[in-house]
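Visitor: Would you mind keeping the following structure in view while I ask a few things?
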Amino acid sequence: MQSSSFSSASSRPLTAYGWDDGFAESFAACAGPGSVPGRVVRVDRGRVDAVVSDGDGVRTVLADTALVATRDPMRVPCTGDWAVIDLGEVGAGRDGVVRALLPRRTAFVRSTSSKRSEGQVLAANVDHAVVAVSLAVDLDLGRIERFVSLAWESGAQPLVVLTKADLVGAPDVLAHLVADVATAAPGVQVLAASATAGDGLDVLAAVLAGGTSVLLGQSGAGKSTLANALVGEDVQDVRAARDRDGKGRHTTTTRDLLVLPGGGVLIDTPGLRGVGMWDADTGLARAFSDVEELAAQCRFHDCAHATEPGCAVLEAIESGALPQRRLESYRKLLRENERIAAKTDARLRAEIRRDWKQKMALGRHMVERKRGARG
Ligand SMILES: Nc1nc2c(ncn2[C@@H]2O[C@H](COP(=O)(O)OP(=O)(O)OP(=O)(O)O)[C@@H](O)[C@H]2O)c(=O)[nH]1
Ligand SMILES: [Mg+2]
Ligand SMILES: [Zn+2]
């Protein structure tokens, strides 16, 4: 097979990092002479580590991000981004500069805090969003639904991995837990794995072999341990959780992109205390597709599933086909999503107003200057 003109031989080593004709095409459209494509593998304040092609292999360069600096948190470079890097711009403590980011195919976004209502991109150009959930503590299905909704919204395929399966003694108990989680994530593969015992890793590695994956979940969920097991080397720091999961300090503090021996790349992220909904209408509808399908069968198309006759949702709850918990969880997440959207709209409106005022002020200034020049 003849390779496309875009996948030039020089960037072929980047294929292991997810480079393909599509990215090559967008790179060709916006790159200037002297620029090379690079994938962001780690982000620091004001600079990124990126892998670029280097002969037959790759090398990691440190690139300054001042040129693409923006106040918009959604456009800040993040791990997984493909960047246009100018290696001609060598400077103190840097190998080059980032000139632009290629358009993202997918992006996992959460709202950082309910107060500021800002979106934060946790990973870009991700194919699989792996939600890591520890079996060492009680399952919180609502939290899984929250992560899965955001995962669907990202454009990536969600996957739930129940970690530390070795701590669950009986196989039937484990099967039960997997089934429980599966009902909270229709259409999503749910796997049990143990990084310490090596269980479930082959299946997981096979799923992750195609494309880019990101590990998401609470601190102590076992993400880095899983990453190390998949990479086959202790590349990520792991700290013994003295006080079990969820508490204590975060071990991983940066989002790192790692190459898997069986193919694919994996982004390990620091544990998240909370993930707020962010513009997740589509994701929520996917995550609760079972409820949506039932709602479509209600007698009234604007059924609130409260007291209406002929309500398919209430019937399903009555018969036990749909857990009451799940309907409540859906309502809660929908409300939160709307609240954030309203806040964001308010913030955007304020920003537009400010920009407009600035432009008006500038306009006045220009008019006055012209007048001055004439008079
Ligand atoms: N029993 C058991 N313990 C595990 C397993 N995987 C991880 N752990 C333990 O769980 C604790 C936390 O693991 P980490 O991999 O650091 O968790 P993390 O999700 O990366 O945490 P952050 O980096 O803080 O987000 C460590 O003490 C691990 O040894 C497992 O499969 N079985
Ligand atoms: Mg970690
Ligand atoms: Zn109804």
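To be explicit about the labels: the chains of the structure tokens are called A, B, and onward in the order shown, and within each one the residues are counted from 1, while ligands get numbers from 1 in the order they are shown.
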If we count only C-alpha atoms, what is near stretch 260-270 of chain A at a cut-off of 7 Å, once residues fewer than 2 positions away on the same chain are taken out, given as JSON, numbers by chain?

Guide: {"A": [16, 17, 205, 208, 209, 210, 211, 212, 213, 214, 215, 216, 219, 223, 224, 227, 230, 231, 250, 252, 253, 254, 255, 256, 257, 258, 272]}

Visitor: Emit the selected residues as a JSON list (two decimals), in the first residue's frame, including C-alpha atoms.

Guide:
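What landed in result.json:
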[["chain", "number", "residue", "atom", "x", "y", "z"],
["A", 16, "ALA", "CA", 3.41, 4.82, 17.63],
["A", 17, "TYR", "CA", 2.17, 7.99, 19.33],
["A", 205, "ALA", "CA", -4.20, -4.22, 26.94],
["A", 208, "LEU", "CA", -6.15, -0.13, 24.63],
["A", 209, "ALA", "CA", -3.90, -1.35, 21.80],
["A", 210, "GLY", "CA", -5.75, 0.81, 19.30],
["A", 211, "GLY", "CA", -5.28, 4.54, 19.75],
["A", 212, "THR", "CA", -4.93, 6.78, 22.76],
["A", 213, "SER", "CA", -6.44, 6.12, 26.17],
["A", 214, "VAL", "CA", -6.73, 8.17, 29.31],
["A", 215, "LEU", "CA", -6.98, 6.82, 32.86],
["A", 216, "LEU", "CA", -9.39, 8.80, 34.98],
["A", 219, "SER", "CA", -6.89, 9.46, 43.85],
["A", 223, "LYS", "CA", -4.44, 4.28, 37.94],
["A", 224, "SER", "CA", -0.67, 4.55, 38.05],
["A", 227, "ALA", "CA", -0.32, 2.08, 34.00],
["A", 230, "LEU", "CA", 0.44, -2.23, 31.31],
["A", 231, "VAL", "CA", 3.73, -0.59, 30.40],
["A", 250, "HIS", "CA", -2.29, 12.74, 45.30],
["A", 252, "THR", "CA", 0.44, 11.58, 40.45],
["A", 253, "THR", "CA", 0.57, 15.33, 39.90],
["A", 254, "THR", "CA", 0.99, 15.65, 36.14],
["A", 255, "ARG", "CA", -0.78, 14.11, 33.20],
["A", 256, "ASP", "CA", 1.72, 11.87, 31.46],
["A", 257, "LEU", "CA", 1.49, 10.12, 28.12],
["A", 258, "LEU", "CA", 3.07, 6.66, 27.98],
["A", 272, "LEU", "CA", -9.81, 13.85, 40.65]]

Visitor: Can you tell me, as a list in words, which residues in stretch 24-148 of chain A count as helix (DSSP H, G or I) by DSSP?

Guide: Ala24, Glu25, Ser26, Phe27, Ala28, Ala29, Cys30, Ala66, Leu67, Val68, Pro73, Met74, Arg75, Leu141, Gly142, Arg143, Ile144, Glu145, Arg146, Phe147 and Val148 of chain A

Visitor: Output the selection as a PDB file, in the first residue's frame - N, CA and C atoms for each residue.

Guide:
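Writing done, so here's selection_8.pdb:
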ATOM      1  N   ALA A  24      -1.771  14.613   9.919  1.00  0.00           N
ATOM      2  CA  ALA A  24      -0.779  15.119   8.966  1.00  0.00           C
ATOM      3  C   ALA A  24      -1.398  16.164   8.051  1.00  0.00           C
ATOM      4  N   GLU A  25      -2.669  15.938   7.708  1.00  0.00           N
ATOM      5  CA  GLU A  25      -3.371  16.866   6.836  1.00  0.00           C
ATOM      6  C   GLU A  25      -3.580  18.206   7.540  1.00  0.00           C
ATOM      7  N   SER A  26      -4.039  18.156   8.789  1.00  0.00           N
ATOM      8  CA  SER A  26      -4.251  19.445   9.472  1.00  0.00           C
ATOM      9  C   SER A  26      -2.924  20.116   9.793  1.00  0.00           C
ATOM     10  N   PHE A  27      -1.881  19.321   9.981  1.00  0.00           N
ATOM     11  CA  PHE A  27      -0.561  19.909  10.212  1.00  0.00           C
ATOM     12  C   PHE A  27      -0.100  20.661   8.954  1.00  0.00           C
ATOM     13  N   ALA A  28      -0.254  19.988   7.797  1.00  0.00           N
ATOM     14  CA  ALA A  28       0.181  20.588   6.534  1.00  0.00           C
ATOM     15  C   ALA A  28      -0.548  21.904   6.273  1.00  0.00           C
ATOM     16  N   ALA A  29      -1.797  21.975   6.771  1.00  0.00           N
ATOM     17  CA  ALA A  29      -2.611  23.164   6.513  1.00  0.00           C
ATOM     18  C   ALA A  29      -2.175  24.369   7.343  1.00  0.00           C
ATOM     19  N   CYS A  30      -1.510  24.117   8.474  1.00  0.00           N
ATOM     20  CA  CYS A  30      -1.226  25.277   9.326  1.00  0.00           C
ATOM     21  C   CYS A  30       0.244  25.440   9.714  1.00  0.00           C
ATOM     22  N   ALA A  66       4.397  30.202  25.243  1.00  0.00           N
ATOM     23  CA  ALA A  66       3.996  31.621  25.329  1.00  0.00           C
ATOM     24  C   ALA A  66       3.186  32.068  24.110  1.00  0.00           C
ATOM     25  N   LEU A  67       3.563  31.588  22.932  1.00  0.00           N
ATOM     26  CA  LEU A  67       2.888  32.032  21.706  1.00  0.00           C
ATOM     27  C   LEU A  67       1.434  31.591  21.633  1.00  0.00           C
ATOM     28  N   VAL A  68       1.106  30.496  22.298  1.00  0.00           N
ATOM     29  CA  VAL A  68      -0.279  30.020  22.251  1.00  0.00           C
ATOM     30  C   VAL A  68      -0.999  30.289  23.577  1.00  0.00           C
ATOM     31  N   PRO A  73      -9.325  28.619  29.209  1.00  0.00           N
ATOM     32  CA  PRO A  73      -8.757  27.355  29.692  1.00  0.00           C
ATOM     33  C   PRO A  73      -8.981  26.191  28.738  1.00  0.00           C
ATOM     34  N   MET A  74      -9.972  26.327  27.853  1.00  0.00           N
ATOM     35  CA  MET A  74     -10.247  25.243  26.917  1.00  0.00           C
ATOM     36  C   MET A  74      -9.218  25.194  25.790  1.00  0.00           C
ATOM     37  N   ARG A  75      -8.465  26.287  25.618  1.00  0.00           N
ATOM     38  CA  ARG A  75      -7.519  26.299  24.514  1.00  0.00           C
ATOM     39  C   ARG A  75      -6.072  26.224  24.964  1.00  0.00           C
ATOM     40  N   LEU A 141     -22.099   4.224  42.462  1.00  0.00           N
ATOM     41  CA  LEU A 141     -22.584   4.159  41.077  1.00  0.00           C
ATOM     42  C   LEU A 141     -22.836   5.546  40.497  1.00  0.00           C
ATOM     43  N   GLY A 142     -23.288   6.470  41.343  1.00  0.00           N
ATOM     44  CA  GLY A 142     -23.530   7.835  40.889  1.00  0.00           C
ATOM     45  C   GLY A 142     -22.263   8.478  40.357  1.00  0.00           C
ATOM     46  N   ARG A 143     -21.167   8.230  41.033  1.00  0.00           N
ATOM     47  CA  ARG A 143     -19.906   8.808  40.576  1.00  0.00           C
ATOM     48  C   ARG A 143     -19.473   8.181  39.249  1.00  0.00           C
ATOM     49  N   ILE A 144     -19.713   6.877  39.117  1.00  0.00           N
ATOM     50  CA  ILE A 144     -19.372   6.205  37.859  1.00  0.00           C
ATOM     51  C   ILE A 144     -20.201   6.801  36.723  1.00  0.00           C
ATOM     52  N   GLU A 145     -21.490   7.036  36.987  1.00  0.00           N
ATOM     53  CA  GLU A 145     -22.368   7.621  35.965  1.00  0.00           C
ATOM     54  C   GLU A 145     -21.891   9.016  35.565  1.00  0.00           C
ATOM     55  N   ARG A 146     -21.402   9.751  36.536  1.00  0.00           N
ATOM     56  CA  ARG A 146     -20.870  11.095  36.279  1.00  0.00           C
ATOM     57  C   ARG A 146     -19.660  11.023  35.338  1.00  0.00           C
ATOM     58  N   PHE A 147     -18.709  10.142  35.660  1.00  0.00           N
ATOM     59  CA  PHE A 147     -17.509   9.987  34.821  1.00  0.00           C
ATOM     60  C   PHE A 147     -17.886   9.493  33.416  1.00  0.00           C
ATOM     61  N   VAL A 148     -18.803   8.526  33.367  1.00  0.00           N
ATOM     62  CA  VAL A 148     -19.186   7.943  32.076  1.00  0.00           C
ATOM     63  C   VAL A 148     -19.874   8.989  31.191  1.00  0.00           C
TER      64      VAL A 148
END

Visitor: Taking only C-alpha atoms and all ligand atoms into account, produce a table as a tab-separated table in which each residue of chain A with an atom at most 8 Å from an atom of ligand 3 appears once, together with its shortest atom pair and the distance in Å to one decimal, ordered by chain and rising number.

Guide:
residue	atom	partner	partner_atom_place_in_ligand_line	distance
A:Leu294	CA	ligand 3	1 (Zn)	7.6
A:Ala295	CA	ligand 3	1 (Zn)	5.3
A:Gln297	CA	ligand 3	1 (Zn)	7.7
A:Cys298	CA	ligand 3	1 (Zn)	4.7
A:Arg299	CA	ligand 3	1 (Zn)	7.2
A:Phe300	CA	ligand 3	1 (Zn)	7.1
A:Asp302	CA	ligand 3	1 (Zn)	7.9
A:Cys303	CA	ligand 3	1 (Zn)	4.5
A:Ala304	CA	ligand 3	1 (Zn)	5.6
A:His305	CA	ligand 3	1 (Zn)	3.6
A:Ala306	CA	ligand 3	1 (Zn)	7.0
A:Glu308	CA	ligand 3	1 (Zn)	6.6
A:Gly310	CA	ligand 3	1 (Zn)	7.1
A:Cys311	CA	ligand 3	1 (Zn)	3.7
A:Ala312	CA	ligand 3	1 (Zn)	5.4
A:Val313	CA	ligand 3	1 (Zn)	5.0
A:Leu314	CA	ligand 3	1 (Zn)	6.3

Visitor: Once you have the residues from the selection above, write them out as a PDB file, in the first residue's frame, restricted to N, CA, C and O atoms.

Guide:
ATOM      1  N   LEU A 294     -36.885   4.523  27.563  1.00  0.00           N
ATOM      2  CA  LEU A 294     -38.160   4.340  28.269  1.00  0.00           C
ATOM      3  C   LEU A 294     -39.011   5.596  28.137  1.00  0.00           C
ATOM      4  O   LEU A 294     -40.201   5.526  27.843  1.00  0.00           O
ATOM      5  N   ALA A 295     -38.376   6.746  28.327  1.00  0.00           N
ATOM      6  CA  ALA A 295     -39.107   8.021  28.280  1.00  0.00           C
ATOM      7  C   ALA A 295     -39.797   8.218  26.927  1.00  0.00           C
ATOM      8  O   ALA A 295     -40.862   8.821  26.854  1.00  0.00           O
ATOM      9  N   GLN A 297     -41.239   6.077  25.361  1.00  0.00           N
ATOM     10  CA  GLN A 297     -42.461   5.260  25.305  1.00  0.00           C
ATOM     11  C   GLN A 297     -43.568   5.776  26.216  1.00  0.00           C
ATOM     12  O   GLN A 297     -44.640   5.178  26.300  1.00  0.00           O
ATOM     13  N   CYS A 298     -43.307   6.861  26.942  1.00  0.00           N
ATOM     14  CA  CYS A 298     -44.336   7.414  27.831  1.00  0.00           C
ATOM     15  C   CYS A 298     -45.500   7.925  26.972  1.00  0.00           C
ATOM     16  O   CYS A 298     -45.299   8.348  25.840  1.00  0.00           O
ATOM     17  N   ARG A 299     -46.711   7.899  27.556  1.00  0.00           N
ATOM     18  CA  ARG A 299     -47.891   8.317  26.790  1.00  0.00           C
ATOM     19  C   ARG A 299     -47.776   9.778  26.387  1.00  0.00           C
ATOM     20  O   ARG A 299     -48.073  10.154  25.266  1.00  0.00           O
ATOM     21  N   PHE A 300     -47.335  10.619  27.343  1.00  0.00           N
ATOM     22  CA  PHE A 300     -47.196  12.050  27.038  1.00  0.00           C
ATOM     23  C   PHE A 300     -45.740  12.357  26.684  1.00  0.00           C
ATOM     24  O   PHE A 300     -44.827  11.947  27.399  1.00  0.00           O
ATOM     25  N   ASP A 302     -44.187  15.013  26.909  1.00  0.00           N
ATOM     26  CA  ASP A 302     -43.515  15.884  27.870  1.00  0.00           C
ATOM     27  C   ASP A 302     -43.669  15.327  29.284  1.00  0.00           C
ATOM     28  O   ASP A 302     -43.709  16.069  30.264  1.00  0.00           O
ATOM     29  N   CYS A 303     -43.736  14.003  29.366  1.00  0.00           N
ATOM     30  CA  CYS A 303     -43.927  13.329  30.658  1.00  0.00           C
ATOM     31  C   CYS A 303     -42.793  13.667  31.614  1.00  0.00           C
ATOM     32  O   CYS A 303     -41.619  13.653  31.236  1.00  0.00           O
ATOM     33  N   ALA A 304     -43.139  14.007  32.849  1.00  0.00           N
ATOM     34  CA  ALA A 304     -42.113  14.326  33.852  1.00  0.00           C
ATOM     35  C   ALA A 304     -41.796  13.104  34.712  1.00  0.00           C
ATOM     36  O   ALA A 304     -41.005  13.175  35.645  1.00  0.00           O
ATOM     37  N   HIS A 305     -42.403  11.967  34.367  1.00  0.00           N
ATOM     38  CA  HIS A 305     -42.204  10.703  35.095  1.00  0.00           C
ATOM     39  C   HIS A 305     -42.445  10.901  36.591  1.00  0.00           C
ATOM     40  O   HIS A 305     -41.645  10.462  37.421  1.00  0.00           O
ATOM     41  N   ALA A 306     -43.493  11.622  36.904  1.00  0.00           N
ATOM     42  CA  ALA A 306     -43.816  11.871  38.304  1.00  0.00           C
ATOM     43  C   ALA A 306     -45.113  11.149  38.695  1.00  0.00           C
ATOM     44  O   ALA A 306     -45.076  10.211  39.490  1.00  0.00           O
ATOM     45  N   GLU A 308     -47.765  10.935  36.037  1.00  0.00           N
ATOM     46  CA  GLU A 308     -48.513  10.801  34.784  1.00  0.00           C
ATOM     47  C   GLU A 308     -48.971   9.360  34.538  1.00  0.00           C
ATOM     48  O   GLU A 308     -48.233   8.419  34.839  1.00  0.00           O
ATOM     49  N   GLY A 310     -49.635   6.156  32.163  1.00  0.00           N
ATOM     50  CA  GLY A 310     -48.948   5.650  30.967  1.00  0.00           C
ATOM     51  C   GLY A 310     -47.485   6.026  30.934  1.00  0.00           C
ATOM     52  O   GLY A 310     -46.899   6.158  29.857  1.00  0.00           O
ATOM     53  N   CYS A 311     -46.869   6.169  32.125  1.00  0.00           N
ATOM     54  CA  CYS A 311     -45.442   6.538  32.170  1.00  0.00           C
ATOM     55  C   CYS A 311     -44.587   5.269  32.150  1.00  0.00           C
ATOM     56  O   CYS A 311     -44.612   4.471  33.090  1.00  0.00           O
ATOM     57  N   ALA A 312     -43.839   5.102  31.094  1.00  0.00           N
ATOM     58  CA  ALA A 312     -43.022   3.895  30.939  1.00  0.00           C
ATOM     59  C   ALA A 312     -41.861   3.859  31.929  1.00  0.00           C
ATOM     60  O   ALA A 312     -41.416   2.782  32.338  1.00  0.00           O
ATOM     61  N   VAL A 313     -41.387   5.033  32.316  1.00  0.00           N
ATOM     62  CA  VAL A 313     -40.271   5.105  33.262  1.00  0.00           C
ATOM     63  C   VAL A 313     -40.717   4.617  34.642  1.00  0.00           C
ATOM     64  O   VAL A 313     -40.055   3.779  35.271  1.00  0.00           O
ATOM     65  N   LEU A 314     -41.885   5.128  35.088  1.00  0.00           N
ATOM     66  CA  LEU A 314     -42.409   4.712  36.395  1.00  0.00           C
ATOM     67  C   LEU A 314     -42.758   3.224  36.392  1.00  0.00           C
ATOM     68  O   LEU A 314     -42.523   2.529  37.386  1.00  0.00           O
TER      69      LEU A 314
END

Visitor: Let me make sure I understand: among A:Gly222, A:Pro323, A:Pro103, A:Gly119, which one has the smallest atom-to-atom distance to ligand 2 if we use only C-alpha atoms and all ligand atoms?

Guide: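 Nearest candidate to ligand 2 out of A:Gly222, A:Pro323, A:Pro103, A:Gly119: A:Gly222.
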
Visitor: For each of A:Leu348, A:His301, A:Trp278, A:Gln189, take the minimum atom-to-atom distance to A:Val109, counting only C-alpha atoms, then give the residue where this is smallest.

Guide: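 Closest candidate: A:Trp278.
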
Visitor: Rounded to one decimal place, report the atom CA of A:Leu327-atom CA of A:Val181 distance in Å.

Guide: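 So the two atoms, atom CA of A:Leu327 and atom CA of A:Val181, lie 15.1 Å apart.
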
Visitor: From the list A:Val90, A:Leu14, A:Val137, A:Val203, which residue is nearest A:Asp54 when using only C-alpha atoms?

Guide: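 Result for the nearest residue to A:Asp54: A:Leu14.
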
Visitor: In terms of the shortest atom-to-atom distance over only C-alpha atoms, which of A:Ala132, A:Leu139, A:Gly155, A:Leu101 is closest to A:Ala195?

Guide: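 Looking at the shortest contact to A:Ala195, the residue is A:Ala132.
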